[in-house]
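**Student:** model_7.pdb is reproduced below (PDB, C-alpha atoms).
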ATOM      1  CA  MET Y1477     -37.786  71.416   4.827
ATOM      2  CA  LYS Y1478     -36.307  71.175   1.346
ATOM      3  CA  THR Y1479     -35.333  74.854   1.468
ATOM      4  CA  LYS Y1480     -33.542  74.401   4.751
ATOM      5  CA  LEU Y1481     -31.673  71.357   3.431
ATOM      6  CA  LEU Y1482     -30.758  73.208   0.218
ATOM      7  CA  PHE Y1483     -29.474  76.174   2.228
ATOM      8  CA  ILE Y1484     -27.280  73.926   4.418
ATOM      9  CA  LEU Y1485     -25.931  72.169   1.337
ATOM     10  CA  LEU Y1486     -25.165  75.525  -0.302
ATOM     11  CA  LEU Y1487     -23.463  76.710   2.883
ATOM     12  CA  VAL Y1488     -21.275  73.621   3.191
ATOM     13  CA  LEU Y1489     -20.303  73.373  -0.474
ATOM     14  CA  PHE Y1490     -19.784  77.003  -1.495
ATOM     15  CA  ILE Y1491     -19.847  79.664   1.196
ATOM     16  CA  ILE Y1492     -17.560  78.080   3.825
ATOM     17  CA  PRO Y1493     -14.821  77.035   1.338
ATOM     18  CA  MET Y1494     -14.809  80.538  -0.201
ATOM     19  CA  ASN Y1495     -14.226  82.121   3.198
ATOM     20  CA  ALA Y1496     -11.378  79.700   3.904
ATOM     21  CA  MET Y1497      -9.468  80.677   0.735
ATOM     22  CA  PRO Y1498      -6.214  82.535   1.354
ATOM     23  CA  TYR Y1499      -6.470  86.257   0.782
ATOM     24  CA  LYS Y1500      -2.748  86.814   0.223
ATOM     25  CA  LYS Y1501      -1.709  86.843  -3.390
ATOM     26  CA  HIS Y1502       1.880  85.831  -4.185
ATOM     27  CA  ARG Y1503       3.449  87.031  -7.434
ATOM     28  CA  HIS Y1504       7.048  85.926  -7.101
ATOM     29  CA  GLN Y1505       9.015  83.448  -5.092
ATOM     30  CA  VAL Y1506      11.495  85.472  -3.068
ATOM     31  CA  ASN Y1507      14.873  84.240  -1.825
ATOM     32  CA  ALA Y1508      16.874  85.888   0.959
ATOM     33  CA  LYS Y1509      20.558  85.032   1.351
ATOM     34  CA  ILE Y1510      23.127  86.500   3.743
ATOM     35  CA  ILE Y1511      26.127  87.527   1.646
ATOM     36  CA  HIS Y1512      28.483  88.759   4.337
ATOM     37  CA  SER Y1513      28.499  88.682   8.134
ATOM     38  CA  HIS Y1514      31.184  90.265  10.298
ATOM     39  CA  SER Y1515      31.323  89.879  14.075
ATOM     40  CA  LYS Y1516      32.823  92.919  15.839
ATOM     41  CA  SER Y1517      33.622  91.185  19.140
ATOM     42  CA  ILE Y1518      34.499  87.789  20.434
ATOM     43  CA  PHE Y1519      31.726  85.872  22.164
ATOM     44  CA  ARG Y1520      31.657  82.582  24.020
ATOM     45  CA  SER Y1521      29.034  81.236  21.658
ATOM     46  CA  PRO Y1522      28.819  82.011  17.948
ATOM     47  CA  LEU Y1523      26.218  84.484  16.720
ATOM     48  CA  PHE Y1524      23.811  83.309  14.055
ATOM     49  CA  PHE Y1525      21.554  85.746  12.242
ATOM     50  CA  ASN Y1526      18.837  84.808   9.793
ATOM     51  CA  LEU Y1527      16.085  86.545   7.874
ATOM     52  CA  THR Y1528      13.360  85.527   5.441
ATOM     53  CA  ALA Y1529      11.520  87.442   2.742
ATOM     54  CA  ASP Y1530       8.112  87.010   1.155
ATOM     55  CA  GLU Y1531       6.171  89.031  -1.415
ATOM     56  CA  ILE Y1532       2.522  89.476  -0.537
ATOM     57  CA  ASP Y1533       0.151  91.741  -2.496
ATOM     58  CA  ASP Y1534       2.972  93.702  -4.221
ATOM     59  CA  ASN Y1535       4.752  94.353  -0.901
ATOM     60  CA  LEU Y1536       8.026  92.745   0.094
ATOM     61  CA  THR Y1537       8.004  91.694   3.745
ATOM     62  CA  ILE Y1538      11.340  90.975   5.429
ATOM     63  CA  THR Y1539      11.064  88.963   8.647
ATOM     64  CA  PHE Y1540      14.000  88.735  11.031
ATOM     65  CA  GLN Y1541      14.575  85.373  12.701
ATOM     66  CA  SER Y1542      17.222  86.577  15.179
ATOM     67  CA  ALA Y1543      17.699  89.413  17.646
ATOM     68  CA  LEU Y1544      20.076  92.416  17.646
ATOM     69  CA  GLU Y1545      20.087  95.568  19.743
ATOM     70  CA  GLU Y1546      20.643  99.135  18.475
ATOM     71  CA  ALA Y1547      20.775  98.113  14.816
ATOM     72  CA  ASP Y1548      20.616 100.319  11.750
ATOM     73  CA  ILE Y1549      18.613  98.704   8.933
ATOM     74  CA  THR Y1550      18.947  99.953   5.357
ATOM     75  CA  VAL Y1551      17.251  98.371   2.343
ATOM     76  CA  THR Y1552      18.291  99.556  -1.129
ATOM     77  CA  ASP Y1553      16.894  98.531  -4.504
ATOM     78  CA  LYS Y1554      18.788  97.578  -7.670
ATOM     79  CA  ASP Y1555      19.273 101.254  -8.619
ATOM     80  CA  GLY Y1556      20.844 102.110  -5.256
ATOM     81  CA  ASN Y1557      17.792 104.005  -3.958
ATOM     82  CA  VAL Y1558      17.140 103.631  -0.237
ATOM     83  CA  VAL Y1559      13.616 102.261   0.175
ATOM     84  CA  VAL Y1560      13.686 101.551   3.936
ATOM     85  CA  SER Y1561      15.901 102.960   6.651
ATOM     86  CA  GLU Y1562      15.542 102.470  10.394
ATOM     87  CA  PHE Y1563      18.153 103.721  12.849
ATOM     88  CA  LYS Y1564      18.958 102.490  16.376
ATOM     89  CA  THR Y1565      16.125 100.011  16.362
ATOM     90  CA  SER Y1566      15.884  96.754  18.268
ATOM     91  CA  ILE Y1567      15.562  93.724  16.039
ATOM     92  CA  TYR Y1568      13.691  90.901  17.726
ATOM     93  CA  GLU Y1569      12.664  87.501  16.441
ATOM     94  CA  GLY Y1570       9.600  88.017  14.248
ATOM     95  CA  LYS Y1571      10.156  91.729  13.557
ATOM     96  CA  THR Y1572       9.071  92.660  10.036
ATOM     97  CA  VAL Y1573      10.056  95.423   7.656
ATOM     98  CA  SER Y1574       7.824  96.126   4.667
ATOM     99  CA  VAL Y1575       8.911  97.457   1.258
ATOM    100  CA  PRO Y1576       5.919  98.810  -0.706
ATOM    101  CA  ASN Y1577       5.607  98.216  -4.466
ATOM    102  CA  SER Y1578       8.470  95.769  -4.696
ATOM    103  CA  ASP Y1579       9.507  95.625  -8.359
ATOM    104  CA  SER Y1580      13.209  96.554  -8.196
ATOM    105  CA  TYR Y1581      14.899  93.235  -7.462
ATOM    106  CA  PRO Y1582      17.512  92.471  -6.219
ATOM    107  CA  TYR Y1583      17.333  94.286  -2.888
ATOM    108  CA  LEU Y1584      20.348  94.720  -0.620
ATOM    109  CA  VAL Y1585      19.733  94.644   3.139
ATOM    110  CA  GLU Y1586      22.471  96.142   5.320
ATOM    111  CA  ILE Y1587      22.302  95.761   9.090
ATOM    112  CA  THR Y1588      24.853  97.497  11.290
ATOM    113  CA  SER Y1589      24.917  96.989  15.049
ATOM    114  CA  PRO Y1590      27.547  97.234  17.794
ATOM    115  CA  ARG Y1591      27.901  93.419  17.748
ATOM    116  CA  LEU Y1592      27.491  92.422  14.120
ATOM    117  CA  ASP Y1593      27.490  93.774  10.542
ATOM    118  CA  ILE Y1594      25.382  91.900   8.002
ATOM    119  CA  GLU Y1595      24.723  92.207   4.275
ATOM    120  CA  ALA Y1596      21.940  90.173   2.670
ATOM    121  CA  GLU Y1597      20.558  90.021  -0.852
ATOM    122  CA  ILE Y1598      16.913  89.427  -1.715
ATOM    123  CA  THR Y1599      16.212  88.104  -5.202
ATOM    124  CA  SER Y1600      13.040  87.095  -7.009
ATOM    125  CA  GLU Y1601      12.138  84.166  -9.210
ATOM    126  CA  ASP Y1602       9.030  84.559 -11.368
ATOM    127  CA  TYR Y1603       6.575  81.703 -11.222
TER     128      TYR Y1603
END
Translate this file's structure into C-alpha coordinates.
**Tutor:**
Amino acid sequence: MKTKLLFILLLVLFIIPMNAMPYKKHRHQVNAKIIHSHSKSIFRSPLFFNLTADEIDDNLTITFQSALEEADITVTDKDGNVVVSEFKTSIYEGKTVSVPNSDSYPYLVEITSPRLDIEAEITSEDY
(Lines of atoms letter the chains of each structure in order from A and count residues from 1; the text may use other names and numbers.)
(Lines give C-alpha, C1' and ligand atoms only; values in the text may rest on other atoms or scores of the structure.)
Protein backbone atom coordinates (compact mmCIF):
# COMPACT_ATOMS: atom_id res chain seq x y z
CA MET A 1 0.00 0.00 0.00
CA LYS A 2 2.84 2.37 0.83
CA THR A 3 4.46 1.66 -2.54
CA LYS A 4 1.28 2.46 -4.38
CA LEU A 5 0.85 5.71 -2.45
CA LEU A 6 4.50 6.65 -3.05
CA PHE A 7 4.11 5.97 -6.78
CA ILE A 8 0.99 8.17 -7.01
CA LEU A 9 2.75 10.94 -5.10
CA LEU A 10 5.77 10.69 -7.42
CA LEU A 11 3.47 10.76 -10.44
CA VAL A 12 1.58 13.84 -9.28
CA LEU A 13 4.60 15.83 -8.11
CA PHE A 14 7.23 15.07 -10.76
CA ILE A 15 6.17 13.15 -13.85
CA ILE A 16 2.98 15.03 -14.82
CA PRO A 17 4.49 18.54 -14.39
CA MET A 18 7.54 17.55 -16.48
CA ASN A 19 5.31 16.43 -19.34
CA ALA A 20 3.36 19.69 -19.18
CA MET A 21 6.49 21.85 -19.62
CA PRO A 22 6.67 23.72 -22.92
CA TYR A 23 8.99 22.12 -25.43
CA LYS A 24 9.54 25.27 -27.50
CA LYS A 25 12.65 27.19 -26.60
CA HIS A 26 12.65 30.94 -27.30
CA ARG A 27 15.98 32.73 -27.71
CA HIS A 28 14.96 36.20 -28.78
CA GLN A 29 11.89 38.35 -28.65
CA VAL A 30 10.97 39.09 -32.25
CA ASN A 31 9.10 42.17 -33.48
CA ALA A 32 7.36 42.42 -36.85
CA LYS A 33 6.40 45.85 -38.18
CA ILE A 34 4.88 46.79 -41.55
CA ILE A 35 7.04 49.56 -43.00
CA HIS A 36 5.16 50.32 -46.19
CA SER A 37 1.81 49.29 -47.65
CA HIS A 38 0.54 50.34 -51.07
CA SER A 39 -2.95 49.54 -52.34
CA LYS A 40 -3.09 49.08 -56.13
CA SER A 41 -6.86 49.55 -56.50
CA ILE A 42 -9.69 51.34 -54.84
CA PHE A 43 -11.97 49.24 -52.66
CA ARG A 44 -15.19 50.01 -50.83
CA SER A 45 -13.63 48.97 -47.55
CA PRO A 46 -10.01 49.52 -46.57
CA LEU A 47 -7.59 46.60 -46.69
CA PHE A 48 -5.70 45.76 -43.52
CA PHE A 49 -2.81 43.32 -43.56
CA ASN A 50 -0.98 42.05 -40.51
CA LEU A 51 1.69 39.50 -39.71
CA THR A 52 3.47 38.25 -36.60
CA ALA A 53 6.86 36.64 -36.09
CA ASP A 54 8.22 34.32 -33.43
CA GLU A 55 11.55 32.54 -33.00
CA ILE A 56 11.21 28.95 -31.87
CA ASP A 57 14.15 26.52 -31.66
CA ASP A 58 16.45 28.65 -33.89
CA ASN A 59 13.77 28.97 -36.60
CA LEU A 60 11.94 32.18 -37.38
CA THR A 61 8.24 31.56 -38.01
CA ILE A 62 6.24 34.26 -39.79
CA THR A 63 2.47 33.94 -39.38
CA PHE A 64 0.12 35.89 -41.62
CA GLN A 65 -3.01 37.30 -39.97
CA SER A 66 -4.73 38.39 -43.21
CA ALA A 67 -5.53 36.93 -46.61
CA LEU A 68 -4.21 37.75 -50.11
CA GLU A 69 -4.51 35.86 -53.38
CA GLU A 70 -1.70 35.23 -55.90
CA ALA A 71 0.99 36.81 -53.72
CA ASP A 72 4.75 36.63 -54.13
CA ILE A 73 6.53 36.37 -50.76
CA THR A 74 10.24 37.16 -50.47
CA VAL A 75 12.19 37.21 -47.21
CA THR A 76 15.74 38.60 -47.26
CA ASP A 77 18.26 38.78 -44.44
CA LYS A 78 20.46 41.71 -43.39
CA ASP A 79 23.04 40.89 -46.09
CA GLY A 80 20.44 40.94 -48.86
CA ASN A 81 20.40 37.14 -49.32
CA VAL A 82 17.00 35.67 -50.18
CA VAL A 83 16.18 33.07 -47.54
CA VAL A 84 12.55 32.35 -48.52
CA SER A 85 10.74 32.92 -51.79
CA GLU A 86 7.26 31.74 -52.72
CA PHE A 87 5.58 32.78 -55.96
CA LYS A 88 1.86 32.98 -56.81
CA THR A 89 0.82 31.56 -53.48
CA SER A 90 -2.41 32.15 -51.61
CA ILE A 91 -1.92 33.76 -48.23
CA TYR A 92 -4.66 32.82 -45.79
CA GLU A 93 -5.13 33.70 -42.15
CA GLY A 94 -2.79 31.47 -40.15
CA LYS A 95 -0.42 30.61 -43.01
CA THR A 96 3.16 30.29 -41.79
CA VAL A 97 6.53 30.68 -43.46
CA SER A 98 9.60 29.31 -41.71
CA VAL A 99 13.16 30.68 -41.92
CA PRO A 100 15.70 28.09 -40.69
CA ASN A 101 18.71 29.13 -38.58
CA SER A 102 17.56 32.69 -38.03
CA ASP A 103 20.63 34.69 -36.98
CA SER A 104 20.73 37.46 -39.61
CA TYR A 105 18.38 40.08 -38.19
CA PRO A 106 16.78 42.30 -39.39
CA TYR A 107 14.77 40.45 -42.03
CA LEU A 108 12.83 42.23 -44.76
CA VAL A 109 9.55 40.66 -45.89
CA GLU A 110 8.22 41.79 -49.28
CA ILE A 111 4.76 40.73 -50.40
CA THR A 112 3.54 41.59 -53.88
CA SER A 113 0.01 40.79 -55.01
CA PRO A 114 -2.41 42.18 -57.60
CA ARG A 115 -4.24 44.07 -54.82
CA LEU A 116 -1.54 45.16 -52.41
CA ASP A 117 2.24 45.63 -52.03
CA ILE A 118 3.66 45.30 -48.52
CA GLU A 119 7.10 45.66 -46.95
CA ALA A 120 7.67 44.55 -43.36
CA GLU A 121 10.74 44.42 -41.15
CA ILE A 122 11.41 41.76 -38.54
CA THR A 123 13.85 42.69 -35.78
CA SER A 124 15.11 40.88 -32.71
CA GLU A 125 15.66 41.93 -29.13
CA ASP A 126 17.91 39.70 -27.02
CA TYR A 127 16.53 38.71 -23.66
**Student:** Quick check, in Å to one decimal: how far apart do atom CA of Leu1527 of chain Y and atom CA of Val1560 of chain Y lie?
**Tutor:**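 So the two atoms, atom CA of Leu1527 of chain Y and atom CA of Val1560 of chain Y, lie 15.7 Å apart.
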**Student:** Between Y:Thr1528, Y:Ser1513, Y:Thr1479, Y:Ser1542, which is the closest to Ile1567 of chain Y once you count all atoms listed in the file?
**Tutor:** Y:Ser1542
**Student:** Just the number, please: distance in Å from atom CA of Leu1584 of chain Y to atom CA of Phe1525 of chain Y, one decimal.
**Tutor:** 15.7 Å
**Student:** When distances are computed from only C-alpha atoms, which of Y:Lys1516, Y:Lys1509, Y:Asn1535, Y:Asp1553 shows the smallest separation from Thr1572 of chain Y?
**Tutor:**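 Checking each candidate against Thr1572 of chain Y, we get Y:Asn1535 as the closest.
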**Student:** Applying the PyMOL selection byres ((chain Y and resi 1566) around 10) to the file I just gave you, which residues come out? Please list them as a PyMOL selection string.
**Tutor:** chain Y and resi 1543-1549+1562-1565+1567-1569+1571+1589
**Student:** If you apply the PyMOL selection byres ((chain Y and resi 1597) around 7) to this file, what residues do you get, as a tab-separated table (two decimals) with C-alpha atoms, in the coordinates of the input?
**Tutor:**
chain	number	residue	atom	x	y	z
Y	1508	ALA	CA	16.87	85.89	0.96
Y	1509	LYS	CA	20.56	85.03	1.35
Y	1510	ILE	CA	23.13	86.50	3.74
Y	1511	ILE	CA	26.13	87.53	1.65
Y	1582	PRO	CA	17.51	92.47	-6.22
Y	1583	TYR	CA	17.33	94.29	-2.89
Y	1584	LEU	CA	20.35	94.72	-0.62
Y	1585	VAL	CA	19.73	94.64	3.14
Y	1595	GLU	CA	24.72	92.21	4.28
Y	1596	ALA	CA	21.94	90.17	2.67
Y	1598	ILE	CA	16.91	89.43	-1.72
Y	1599	THR	CA	16.21	88.10	-5.20
**Student:** Can you tell me how far atom CA of Leu1536 of chain Y sits from atom CA of Asp1593 of chain Y, in Å to one decimal?
**Tutor:**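 The value is 22.1 Å.
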**Student:** For the structure provided, state which residues fall under the PyMOL selection byres ((chain Y and resi 1534) around 6), and present them as number ranges by chain.
**Tutor:** Y: 1532-1533, 1535, 1577-1578
**Student:** With distances taken over only C-alpha atoms, which residue among Y:Asn1526, Y:Thr1537, Y:Ser1561, Y:Asn1507 lies nearest Pro1576 of chain Y?
**Tutor:** Y:Thr1537
**Student:** Give me, as a VMD selection string, all polymer residues having an atom no more than 10 Å from Asn1557 of chain Y, counting all atoms listed in the file and skipping those fewer than 5 positions away in the same chain.
**Tutor:** chain Y and resid 1551 to 1552 1580 1583
**Student:** Using all atoms listed in the file, can you tell me which of Y:Val1559, Y:Ala1529, Y:Leu1482, Y:Val1506 comes closest to Gln1541 of chain Y?
**Tutor:**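 Of all the options, Y:Ala1529 lies closest to Gln1541 of chain Y.
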**Student:** Measuring atom to atom with only C-alpha atoms, identify which of Y:Ser1600, Y:Phe1524, Y:Glu1586, Y:His1512 is nearest to Thr1550 of chain Y.
**Tutor:**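 Smallest distance to Thr1550 of chain Y is found for Y:Glu1586.
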**Student:** Determine the nearest neighbour of Arg1591 of chain Y from the options Y:His1514, Y:Phe1540, Y:Gly1556, Y:Lys1480, counting only C-alpha atoms.
**Tutor:**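 Among Y:His1514, Y:Phe1540, Y:Gly1556, Y:Lys1480, it is Y:His1514 that comes nearest to Arg1591 of chain Y.
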**Student:** Taking all listed atoms of segment 1537-1544 of chain Y, build the axis-aligned box, pad each of the six sides by 5 Å, then write its centre and edge lengths in Å to one decimal as lines of an AutoDock Vina configuration file.
**Tutor:**
center_x = 14.0
center_y = 88.9
center_z = 10.7
size_x = 22.1
size_y = 17.0
size_z = 23.9
